[in-house]
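What follows is the content of final.cif, which has mmCIF, C-alpha atoms:
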data_entry
loop_
_atom_site.label_atom_id
_atom_site.label_comp_id
_atom_site.auth_asym_id
_atom_site.auth_seq_id
_atom_site.Cartn_x
_atom_site.Cartn_y
_atom_site.Cartn_z
CA MET J 1 26.83 43.36 -24.48
CA SER J 2 23.07 42.98 -24.69
CA THR J 3 21.26 41.93 -21.52
CA THR J 4 17.94 41.35 -23.23
CA ALA J 5 16.33 38.08 -22.12
CA PRO J 6 15.93 35.47 -24.86
CA SER J 7 12.57 35.42 -26.56
CA ARG J 8 10.09 32.75 -25.52
CA ALA J 9 10.39 31.21 -28.99
CA ALA J 10 14.10 30.64 -28.31
CA GLY J 11 13.53 29.36 -24.78
CA ALA J 12 14.69 26.03 -23.41
CA ALA J 13 11.24 24.44 -23.75
CA HIS J 14 11.07 25.11 -27.49
CA ARG J 15 14.56 23.79 -28.15
CA LEU J 16 13.86 20.67 -26.11
CA ALA J 17 10.49 20.08 -27.77
CA ALA J 18 11.99 20.35 -31.26
CA LEU J 19 14.72 17.87 -30.37
CA ALA J 20 12.33 15.44 -28.66
CA GLU J 21 9.82 15.50 -31.52
CA ASP J 22 12.56 14.77 -34.01
CA MET J 23 13.81 11.79 -31.99
CA LEU J 24 10.35 10.42 -31.12
CA GLY J 25 8.98 10.77 -34.63
CA GLY J 26 5.95 12.89 -33.77
CA PRO J 27 4.60 15.84 -31.77
CA LEU J 28 4.90 15.81 -27.99
CA PRO J 29 1.60 14.71 -26.37
CA VAL J 30 2.26 16.97 -23.36
CA ARG J 31 2.95 20.63 -22.73
CA LEU J 32 6.51 21.36 -21.67
CA ARG J 33 7.65 24.06 -19.22
CA ALA J 34 11.38 24.55 -18.68
CA TRP J 35 13.40 26.00 -15.82
CA ASP J 36 13.67 29.37 -17.63
CA GLY J 37 9.87 29.80 -17.69
CA SER J 38 9.47 29.05 -21.40
CA GLU J 39 6.53 26.84 -22.41
CA THR J 40 5.39 25.04 -25.52
CA GLY J 41 2.99 22.30 -26.55
CA PRO J 42 -0.78 21.75 -26.63
CA ALA J 43 -2.58 24.16 -24.31
CA ASP J 44 -5.00 21.53 -23.02
CA ALA J 45 -2.41 18.78 -22.40
CA PRO J 46 -0.83 17.78 -19.07
CA VAL J 47 2.15 20.01 -18.25
CA VAL J 48 5.57 18.41 -17.77
CA VAL J 49 7.78 20.74 -15.74
CA MET J 50 11.57 20.55 -15.98
CA ARG J 51 12.53 22.30 -12.76
CA SER J 52 16.27 21.90 -13.22
CA ARG J 53 18.88 21.51 -15.92
CA ARG J 54 19.94 18.38 -14.04
CA ALA J 55 16.77 16.64 -15.30
CA LEU J 56 17.96 17.06 -18.88
CA ARG J 57 21.47 15.97 -17.93
CA ARG J 58 20.03 12.73 -16.54
CA LEU J 59 18.21 12.11 -19.82
CA LEU J 60 21.41 12.67 -21.80
CA TRP J 61 23.23 10.08 -19.72
CA GLN J 62 20.24 7.74 -19.36
CA PRO J 63 17.74 8.22 -22.22
CA GLY J 64 14.33 6.63 -21.79
CA GLU J 65 12.23 5.44 -18.88
CA LEU J 66 14.95 5.14 -16.24
CA GLY J 67 16.31 8.64 -16.83
CA LEU J 68 12.79 10.10 -16.67
CA ALA J 69 12.08 8.17 -13.47
CA GLN J 70 15.29 9.37 -11.85
CA ALA J 71 14.43 12.96 -12.69
CA TYR J 72 10.88 12.51 -11.37
CA VAL J 73 11.71 10.89 -8.03
CA THR J 74 14.31 13.55 -7.28
CA GLY J 75 11.81 16.33 -8.08
CA GLU J 76 13.91 17.67 -10.94
CA LEU J 77 11.00 16.83 -13.27
CA ASP J 78 7.33 16.93 -12.38
CA ILE J 79 3.89 16.67 -13.93
CA GLU J 80 1.53 19.47 -13.04
CA GLY J 81 -1.92 18.22 -12.08
CA ASP J 82 -2.95 14.59 -12.45
CA LEU J 83 0.09 12.32 -12.88
CA GLY J 84 -2.12 9.52 -14.19
CA GLN J 85 -3.51 11.72 -16.96
CA GLY J 86 0.00 12.70 -17.94
CA LEU J 87 1.17 9.09 -18.20
CA ARG J 88 -2.03 8.09 -19.99
CA ALA J 89 -1.45 10.82 -22.61
CA VAL J 90 2.12 9.67 -23.24
CA TRP J 91 1.17 5.99 -23.57
CA ALA J 92 -1.81 6.80 -25.80
CA ALA J 93 0.43 8.85 -28.09
CA GLN J 94 2.95 6.01 -28.27
CA ARG J 95 0.19 3.47 -28.97
CA GLU J 96 -1.95 5.51 -31.36
CA GLY J 97 0.31 8.29 -32.61
CA GLY J 98 3.27 6.20 -33.66
CA LEU J 99 5.78 7.68 -31.22
CA ARG J 100 8.85 5.50 -30.83
CA PRO J 101 11.47 5.20 -28.08
CA PRO J 102 14.47 7.47 -28.67
CA ARG J 103 17.03 5.92 -31.01
CA LEU J 104 20.23 7.87 -30.69
CA GLY J 105 22.46 7.32 -33.69
CA PRO J 106 25.67 9.34 -34.14
CA ALA J 107 23.86 12.28 -35.75
CA ASP J 108 21.13 12.28 -33.08
CA THR J 109 23.74 12.19 -30.34
CA ALA J 110 25.66 15.10 -31.88
CA ARG J 111 22.48 17.16 -32.21
CA ALA J 112 21.44 16.39 -28.64
CA LEU J 113 24.87 17.37 -27.34
CA ALA J 114 24.81 20.63 -29.29
CA THR J 115 21.40 21.52 -27.87
CA ALA J 116 22.58 20.56 -24.38
CA ALA J 117 25.65 22.74 -24.75
CA ARG J 118 23.52 25.75 -25.78
CA LEU J 119 21.29 25.15 -22.74
CA GLY J 120 24.23 24.80 -20.36
CA VAL J 121 23.37 21.31 -19.13
CA LEU J 122 26.50 19.36 -20.10
CA GLY J 123 28.34 17.82 -17.19
CA PRO J 124 29.22 14.57 -15.43
CA ARG J 125 26.63 11.81 -14.98
CA PRO J 126 24.43 12.66 -11.97
CA ALA J 127 24.56 10.13 -9.17
CA ALA J 128 21.66 7.68 -9.06
CA PRO J 129 19.03 8.61 -6.48
CA ALA J 130 19.50 7.05 -3.05
CA SER J 131 16.21 5.13 -3.40
CA GLN J 132 17.47 3.14 -6.40
CA ALA J 133 18.28 -0.53 -5.69
CA ARG J 134 21.91 -1.59 -5.69
CA LEU J 135 22.18 -5.37 -5.80
CA ARG J 136 25.28 -7.54 -6.04
CA GLY J 137 25.89 -11.17 -6.75
CA GLY J 138 24.62 -13.67 -9.30
CA LEU J 139 21.10 -13.25 -10.61
CA HIS J 140 18.66 -15.09 -8.30
CA SER J 141 21.38 -16.38 -6.01
CA ARG J 142 20.04 -16.76 -2.48
CA SER J 143 21.90 -13.71 -1.21
CA ARG J 144 20.81 -11.49 -4.11
CA ASP J 145 17.18 -12.64 -3.84
CA ARG J 146 17.25 -11.84 -0.12
CA ALA J 147 18.57 -8.35 -0.88
CA ALA J 148 15.96 -7.81 -3.62
CA ILE J 149 13.12 -8.81 -1.31
CA SER J 150 14.51 -6.71 1.52
CA HIS J 151 14.74 -3.63 -0.75
CA HIS J 152 10.98 -3.70 -1.29
CA TYR J 153 9.37 -5.43 1.67
CA ASP J 154 11.66 -4.29 4.49
CA LEU J 155 10.99 -0.62 3.78
CA SER J 156 9.34 -0.75 7.21
CA ASN J 157 6.23 -2.27 8.73
CA ASP J 158 5.16 1.26 9.67
CA PHE J 159 5.21 2.27 5.99
CA TYR J 160 3.01 -0.62 4.89
CA GLY J 161 0.78 -0.16 7.92
CA LEU J 162 0.17 3.41 6.74
CA LEU J 163 -0.47 2.34 3.13
CA LEU J 164 -2.58 -0.81 3.52
CA ASP J 165 -5.89 -1.53 5.24
CA GLU J 166 -6.18 -3.45 8.50
CA THR J 167 -5.76 -6.83 6.79
CA MET J 168 -2.20 -5.85 5.74
CA ALA J 169 -2.79 -7.72 2.47
CA TYR J 170 -0.39 -6.40 -0.16
CA SER J 171 -1.89 -8.13 -3.19
CA CYS J 172 -4.92 -7.83 -5.45
CA GLY J 173 -8.27 -7.74 -3.64
CA TYR J 174 -11.53 -9.29 -4.88
CA TRP J 175 -14.21 -6.65 -5.39
CA THR J 176 -17.60 -8.35 -5.22
CA ARG J 177 -19.54 -5.07 -5.03
CA ASP J 178 -19.27 -1.57 -6.46
CA ASP J 179 -20.98 0.42 -3.72
CA GLU J 180 -19.16 2.64 -1.23
CA GLY J 181 -20.09 0.31 1.61
CA PHE J 182 -17.67 -2.30 0.27
CA GLY J 183 -14.16 -1.06 0.93
CA PRO J 184 -10.54 -2.22 0.49
CA ALA J 185 -10.54 -4.40 3.62
CA ASP J 186 -13.75 -6.08 2.45
CA ALA J 187 -12.17 -6.81 -0.93
CA GLN J 188 -9.10 -8.30 0.72
CA ARG J 189 -11.16 -10.51 3.06
CA ALA J 190 -13.21 -11.71 0.09
CA LYS J 191 -9.96 -12.58 -1.73
CA LEU J 192 -8.59 -14.46 1.29
CA GLU J 193 -11.80 -16.43 1.72
CA LEU J 194 -11.93 -17.23 -2.00
CA ILE J 195 -8.41 -18.66 -1.82
CA CYS J 196 -9.29 -20.77 1.21
CA ARG J 197 -12.36 -22.14 -0.58
CA LYS J 198 -10.44 -22.92 -3.75
CA LEU J 199 -7.88 -24.78 -1.63
CA ALA J 200 -10.68 -26.66 0.21
CA LEU J 201 -9.17 -25.79 3.60
CA LYS J 202 -10.71 -27.59 6.57
CA ARG J 203 -9.92 -27.72 10.27
CA GLY J 204 -6.66 -29.54 10.89
CA ALA J 205 -5.45 -29.30 7.28
CA ARG J 206 -1.82 -28.31 6.69
CA LEU J 207 -1.23 -25.18 4.57
CA LEU J 208 2.15 -23.98 3.31
CA ASP J 209 2.01 -20.23 2.58
CA ILE J 210 5.10 -19.37 0.49
CA GLY J 211 5.76 -15.63 0.45
CA CYS J 212 3.32 -14.98 3.29
CA GLY J 213 3.75 -11.20 3.35
CA TRP J 214 2.35 -9.68 6.52
CA GLY J 215 0.36 -12.83 7.20
CA SER J 216 -3.09 -11.91 5.88
CA LEU J 217 -3.79 -15.36 4.37
CA THR J 218 -1.94 -17.20 7.13
CA LEU J 219 -4.01 -15.53 9.86
CA HIS J 220 -7.30 -15.84 7.96
CA ALA J 221 -6.77 -19.56 7.30
CA ALA J 222 -5.74 -20.30 10.89
CA GLU J 223 -8.53 -18.24 12.52
CA ARG J 224 -11.44 -18.85 10.17
CA HIS J 225 -10.69 -22.39 9.00
CA GLY J 226 -8.70 -23.91 11.86
CA VAL J 227 -5.77 -24.72 9.58
CA GLN J 228 -2.18 -25.54 10.61
CA VAL J 229 -0.05 -23.05 8.67
CA THR J 230 3.63 -22.90 7.88
CA ALA J 231 4.24 -19.31 6.76
CA VAL J 232 7.43 -18.62 4.80
CA THR J 233 8.99 -15.26 3.92
CA LEU J 234 12.45 -13.95 3.06
CA ALA J 235 11.73 -10.52 4.59
CA ARG J 236 12.80 -10.26 8.22
CA GLU J 237 10.48 -7.33 8.95
CA GLN J 238 7.53 -9.35 7.67
CA ALA J 239 8.48 -12.42 9.71
CA ALA J 240 8.71 -10.33 12.89
CA TYR J 241 5.34 -8.73 12.17
CA VAL J 242 3.56 -12.04 11.53
CA ARG J 243 5.04 -13.64 14.66
CA GLU J 244 3.71 -10.74 16.75
CA ARG J 245 0.22 -11.01 15.21
CA VAL J 246 0.24 -14.77 15.82
CA ARG J 247 1.14 -14.19 19.47
CA GLU J 248 -1.52 -11.49 19.92
CA ARG J 249 -4.26 -13.69 18.47
CA GLY J 250 -3.31 -16.80 20.41
CA LEU J 251 -2.47 -18.80 17.27
CA ALA J 252 0.99 -20.08 18.25
CA GLU J 253 -0.19 -23.70 18.21
CA ARG J 254 -1.51 -23.34 14.65
CA VAL J 255 1.07 -21.12 12.94
CA GLU J 256 4.79 -21.49 12.41
CA VAL J 257 6.61 -18.54 10.79
CA VAL J 258 9.84 -19.36 8.96
CA CYS J 259 12.23 -16.81 7.46
CA GLN J 260 13.87 -18.72 4.61
CA ASP J 261 14.20 -19.19 0.87
CA TYR J 262 11.58 -21.39 -0.80
CA ARG J 263 14.45 -23.52 -2.12
CA ASP J 264 15.32 -24.49 1.45
CA ILE J 265 11.86 -25.71 2.49
CA GLU J 266 12.10 -29.34 3.55
CA GLY J 267 9.50 -32.02 4.04
CA GLY J 268 6.22 -32.12 2.19
CA GLY J 269 2.84 -33.73 2.41
CA PHE J 270 0.99 -30.42 2.79
CA ASP J 271 -2.73 -30.53 2.05
CA ALA J 272 -2.47 -27.20 0.25
CA VAL J 273 0.18 -24.73 -0.90
CA SER J 274 -0.42 -21.05 -1.62
CA THR J 275 1.92 -18.52 -3.16
CA ILE J 276 0.35 -15.07 -3.54
CA GLU J 277 2.20 -12.67 -5.87
CA MET J 278 5.55 -14.20 -4.99
CA GLY J 279 6.21 -16.06 -8.26
CA GLU J 280 7.16 -12.79 -9.99
CA HIS J 281 10.32 -12.73 -7.85
CA VAL J 282 11.44 -16.28 -8.71
CA GLY J 283 13.12 -15.61 -12.06
CA ASP J 284 12.73 -17.05 -15.53
CA ALA J 285 15.39 -19.78 -15.40
CA GLU J 286 14.41 -20.69 -11.85
CA TYR J 287 10.66 -21.03 -12.39
CA PRO J 288 10.68 -24.70 -13.51
CA GLY J 289 12.44 -25.54 -10.22
CA PHE J 290 9.90 -23.46 -8.31
CA ALA J 291 7.02 -25.30 -9.98
CA ALA J 292 8.69 -28.61 -9.18
CA ALA J 293 8.95 -27.55 -5.53
CA LEU J 294 5.22 -26.78 -5.44
CA HIS J 295 4.51 -30.28 -6.77
CA ARG J 296 6.92 -31.90 -4.29
CA LEU J 297 5.57 -30.07 -1.26
CA VAL J 298 1.85 -30.87 -1.73
CA ARG J 299 0.40 -34.33 -1.16
CA PRO J 300 -1.38 -36.32 -3.89
CA CYS J 301 -4.86 -34.79 -4.43
CA GLY J 302 -3.63 -31.67 -2.61
CA ARG J 303 -4.19 -28.27 -4.20
CA VAL J 304 -1.83 -25.44 -5.12
CA LEU J 305 -3.00 -21.86 -5.66
CA VAL J 306 -0.73 -19.42 -7.44
CA GLN J 307 -1.80 -15.77 -7.65
CA GLN J 308 0.63 -14.09 -10.00
CA MET J 309 1.04 -11.09 -12.26
CA SER J 310 1.46 -11.60 -15.99
CA ARG J 311 2.85 -9.65 -18.91
CA GLY J 312 3.34 -10.11 -22.64
CA PRO J 313 6.34 -12.10 -23.90
CA GLY J 314 8.01 -8.97 -25.26
CA ALA J 315 8.21 -7.26 -21.86
CA PRO J 316 8.83 -9.89 -19.17
CA GLY J 317 10.23 -7.56 -16.54
CA GLY J 318 8.50 -4.78 -14.71
CA GLY J 319 10.30 -2.18 -16.83
CA PRO J 320 13.44 -0.17 -16.02
CA PHE J 321 11.74 1.92 -13.31
CA ILE J 322 10.07 -0.99 -11.49
CA GLU J 323 13.20 -3.11 -11.61
CA ALA J 324 15.43 -0.28 -10.38
CA TYR J 325 13.20 1.06 -7.61
CA ILE J 326 10.49 -1.41 -6.62
CA ALA J 327 11.04 -5.08 -7.49
CA PRO J 328 14.58 -5.75 -8.71
CA ASP J 329 15.05 -8.87 -10.85
CA MET J 330 11.32 -9.53 -11.20
CA HIS J 331 10.09 -11.60 -14.13
CA MET J 332 6.59 -11.99 -15.55
CA ARG J 333 5.26 -14.00 -18.47
CA PRO J 334 1.91 -14.61 -20.18
CA LEU J 335 -0.59 -16.68 -18.20
CA GLY J 336 -0.37 -19.56 -20.67
CA HIS J 337 3.40 -19.85 -20.20
CA THR J 338 3.01 -20.11 -16.42
CA VAL J 339 0.28 -22.73 -16.80
CA ALA J 340 2.59 -24.75 -19.07
CA LEU J 341 5.39 -24.59 -16.51
CA LEU J 342 3.10 -25.76 -13.70
CA GLU J 343 1.78 -28.58 -15.85
CA GLY J 344 5.32 -29.49 -16.84
CA ALA J 345 6.08 -29.99 -13.15
CA GLY J 346 3.26 -32.50 -12.83
CA LEU J 347 0.45 -30.32 -11.53
CA GLU J 348 -2.95 -30.50 -13.22
CA VAL J 349 -4.24 -26.94 -13.71
CA ARG J 350 -7.98 -27.02 -13.03
CA HIS J 351 -9.05 -23.39 -12.87
CA THR J 352 -7.75 -19.93 -13.78
CA GLU J 353 -9.36 -16.59 -13.03
CA SER J 354 -8.25 -13.15 -14.18
CA LEU J 355 -8.33 -10.38 -11.57
CA ARG J 356 -6.96 -7.63 -13.81
CA GLU J 357 -9.81 -5.16 -13.28
CA HIS J 358 -9.77 -5.96 -9.56
CA TYR J 359 -6.15 -4.80 -9.43
CA VAL J 360 -6.97 -1.47 -11.06
CA ARG J 361 -9.28 -0.76 -8.16
CA THR J 362 -6.97 -2.21 -5.51
CA VAL J 363 -3.96 -0.17 -6.60
CA GLY J 364 -6.21 2.88 -6.90
CA THR J 365 -7.13 2.61 -3.22
CA TRP J 366 -3.46 2.42 -2.25
CA HIS J 367 -2.71 5.51 -4.32
CA HIS J 368 -5.63 7.36 -2.74
CA THR J 369 -4.26 6.52 0.70
CA LEU J 370 -0.78 7.69 -0.30
CA GLU J 371 -2.07 11.08 -1.44
CA GLU J 372 -4.42 11.45 1.52
CA ARG J 373 -1.57 10.77 3.97
CA TRP J 374 1.20 12.34 1.89
CA GLU J 375 2.77 14.39 4.68
CA ALA J 376 2.88 11.37 6.98
CA PHE J 377 4.60 9.30 4.29
CA VAL J 378 7.16 12.05 3.65
CA ARG J 379 7.93 12.28 7.38
CA LEU J 380 8.34 8.51 7.56
CA VAL J 381 10.45 7.72 4.47
CA GLY J 382 11.36 11.07 2.89
CA GLU J 383 9.97 12.82 -0.18
CA GLU J 384 12.09 10.91 -2.69
CA THR J 385 10.78 7.50 -1.60
CA ALA J 386 7.23 8.89 -1.40
CA ARG J 387 7.57 10.07 -5.02
CA VAL J 388 8.87 6.62 -6.03
CA TRP J 389 5.68 5.11 -4.66
CA ARG J 390 3.45 7.71 -6.28
CA LEU J 391 4.97 6.92 -9.68
CA TYR J 392 4.80 3.17 -9.00
CA LEU J 393 1.14 3.13 -7.95
CA VAL J 394 -0.10 5.47 -10.68
CA GLY J 395 1.86 3.67 -13.39
CA GLY J 396 0.83 0.25 -12.07
CA ALA J 397 -2.87 1.07 -12.06
CA LEU J 398 -2.65 2.27 -15.67
CA ALA J 399 -0.72 -0.82 -16.75
CA PHE J 400 -3.52 -3.05 -15.42
CA GLU J 401 -6.22 -0.75 -16.77
CA GLU J 402 -4.80 -0.82 -20.29
CA GLY J 403 -4.06 -4.55 -20.29
CA ARG J 404 -0.29 -4.24 -20.40
CA MET J 405 -0.18 -6.27 -17.19
CA GLY J 406 -2.54 -8.82 -15.71
CA VAL J 407 -2.95 -10.87 -12.56
CA ASP J 408 -4.46 -14.33 -12.28
CA GLN J 409 -5.36 -16.99 -9.75
CA ILE J 410 -4.24 -20.40 -10.98
CA LEU J 411 -5.51 -23.49 -9.15
CA GLY J 412 -3.63 -26.74 -9.65
CA VAL J 413 -3.88 -30.23 -8.21
CA ARG J 414 -1.24 -32.88 -7.73
CA PRO J 415 -3.04 -35.90 -9.20
CA GLY J 416 -3.52 -38.90 -6.97
CA PRO J 417 -3.39 -42.58 -7.89
CA GLY J 418 -5.32 -43.30 -11.06
CA GLY J 419 -5.68 -39.59 -11.83
CA ASP J 420 -7.87 -38.76 -8.83
CA SER J 421 -8.10 -34.97 -8.35
CA GLY J 422 -10.47 -34.57 -5.42
CA MET J 423 -12.02 -31.60 -7.22
CA PRO J 424 -15.77 -30.88 -6.99
CA MET J 425 -17.90 -31.22 -10.09
CA ALA J 426 -19.07 -27.59 -9.73
CA THR J 427 -17.37 -24.52 -8.28
CA ARG J 428 -20.22 -22.05 -7.70
CA GLN J 429 -19.99 -22.57 -3.92
CA TRP J 430 -16.60 -20.82 -3.98
CA TYR J 431 -18.32 -17.49 -4.68
CA GLU J 432 -21.45 -17.64 -2.54
CA GLY J 433 -21.59 -14.92 0.11
CA LEU J 434 -18.00 -13.72 -0.41
CA GLU J 435 -19.03 -10.11 0.26
CA ARG J 436 -19.83 -11.14 3.85
CA SER J 437 -16.42 -12.74 4.49
#

As structure tokens - that is how I would like this structure written.
Amino acid sequence: MSTTAPSRAAGAAHRLAALAEDMLGGPLPVRLRAWDGSETGPADAPVVVMRSRRALRRLLWQPGELGLAQAYVTGELDIEGDLGQGLRAVWAAQREGGLRPPRLGPADTARALATAARLGVLGPRPAAPASQARLRGGLHSRSRDRAAISHHYDLSNDFYGLLLDETMAYSCGYWTRDDEGFGPADAQRAKLELICRKLALKRGARLLDIGCGWGSLTLHAAERHGVQVTAVTLAREQAAYVRERVRERGLAERVEVVCQDYRDIEGGGFDAVSTIEMGEHVGDAEYPGFAAALHRLVRPCGRVLVQQMSRGPGAPGGGPFIEAYIAPDMHMRPLGHTVALLEGAGLEVRHTESLREHYVRTVGTWHHTLEERWEAFVRLVGEETARVWRLYLVGGALAFEEGRMGVDQILGVRPGPGGDSGMPMATRQWYEGLERS
């Protein structure tokens, strides 16, 4: 029996590349290195490394984005060098080179299985990684929504404290300057102040902050504008954090923190309502009811500010990876559709502002922090979860950069008697001196 090693031309990488190119309808935009050391593909392209046969087995059982993500977060598949460049190359090839998602008909499946058998990767479906969400119950039931929010936001306050700046704002910042002297915390404070100005917050006004996060807007509005704030979150870890910050800053008489579903908020008559990047979690069928709640909770001539991510009508979710690992059950829509839903609930939309480029920079700072503090993150949550977040932040930044996702501030008013809006004739004062906020 010959013990000669197979030639590089017959290596696993070459067999895989031939199969992938046939299924995708074009040449691979990356270089591929397999577990046996074989390599193929453009010499100057990012290198995708299949460290284990298990990575290929995952793709056989789960073709497409989710299988690739599972293999990446477990470390069975990696990209050598800059992950962002690797993802950018794949998306550019799909957009410009005509690559298509795998379509496995009977003949394709037979060919894939034959290749897998020759490579020795056939076997039972690998278990889903531990970091993948496992939700039960009816879509957007109260219990399932609570579990979905907990999966993402209750990762731990220590984790988000390590990732975010001192404002603990986990949403798009507002970058008023490009110089190095204007950092992430400055961008977040500018965003918070811009929201307060758009809402016309004044001392003694009542603000309802739905989806308050770690309290960045709640604390800013109470401290800087003397506002009475009701802060609402479904995440217990967030509620505990905000209550502690309120106590430390002596704001107990101005801030009430409530851990509940937005559907259970009673009362109304608030001067202003804010919901910052929470609407993505509401759900498609539930959004008209959410918009109606915003209208019910604010007084006539009161203002509502919605900051929310958007996406094209053909891809309303976050994608298989995002929905499995980051934000289960999320739903996004084009800006115009959200505006129509808010208007359908009786709100008059008076101003919209795109922050898409601002989010590219915001997410980029979070990714920089993750890489800079990588060992600390791994010690805190484990390497698998750290890799989930690396993939999430890199992929998110590129989605905003390339316009596949957006984020917008939408300002609405509940009209008063006779159509009174209480809006100023000009809005330039909203932006004056924001960099000093």

Next on the checklist: Distance cut-off 12 Å, centre (-17.5, -2.9, -4.5) in file coordinates, counting all atoms listed in the file: which residues qualify? Return them as a PyMOL selection string.
Outcome noted: chain J and resi 173-188+190+357-358+361-362+365+434-436

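Candidate residues J:Gly64, J:Pro328, J:Gly283, J:Gly289 were compared for distance to J:His140, and the nearest is J:Gly283, using all atoms listed in the file.
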
Item to check | Answer key for the PyMOL selection byres ((chain J and resi 318) around 12), residues as a ChimeraX atom specification | outcome: /J:65-66,280-281,309-317,319-333,392,395-396,399,404-406

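Take atom CA of J:Ala133 and atom CA of J:His151: the distance between them is 6.8 Å.
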
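Shortest separation to J:Pro415 among J:Arg296, J:Ser437, J:Tyr359, J:Val388 occurs at residue J:Arg296, atoms counted being all atoms listed in the file.
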
Checklist entry - Written as a PyMOL selection string, which residues does the PyMOL selection byres ((chain J and resi 421-431) around 10) give for the file shown? => result chain J and resi 176+190+193-200+300-303+348+350-351+412-420+432-435

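The set of residues that the PyMOL selection byres ((chain J and resi 84) around 9) takes from this file is Gly81, Asp82, Leu83, Gln85, Gly86, Leu87, Arg88, Ala89, Leu391, Val394, Gly395, Ala397 and Leu398 of chain J.
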
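One finds atom CA of J:Phe377 at 28.5 Å from atom CA of J:Gln307.
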
Next on the checklist: Can you tell me which residues surround stretch 260-264 of chain J at a distance of at most 12 Å, considering all atoms listed in the file, apart from same-chain residues fewer than 2 positions away, and format the answer as a ChimeraX atom specification?
Outcome noted: /J:140-147,149,208-212,230-236,238-239,257-258,266-268,273,275,278-279,281-282,286-287,289-294,296-297

Checklist entry - What would the list of residues within 10 Å of (13.5, 10.2, -14.2) (file frame) look like as an NGL selection string, if all atoms listed in the file are what count? => result :J and (55-56 or 58-59 or 62-78 or 128-129 or 321)

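Here atom CA of J:Arg249 and atom CA of J:Lys191 stand 21.0 Å from one another.
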
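Within 9 Å of J:Val48, once only C-alpha atoms are used and residues closer than 4 positions along the same chain are dropped, the contacting residues are Val30, Arg31, Leu32, Arg33, Ala34, Leu77, Asp78, Ile79, Glu80 and Gly86 of chain J.
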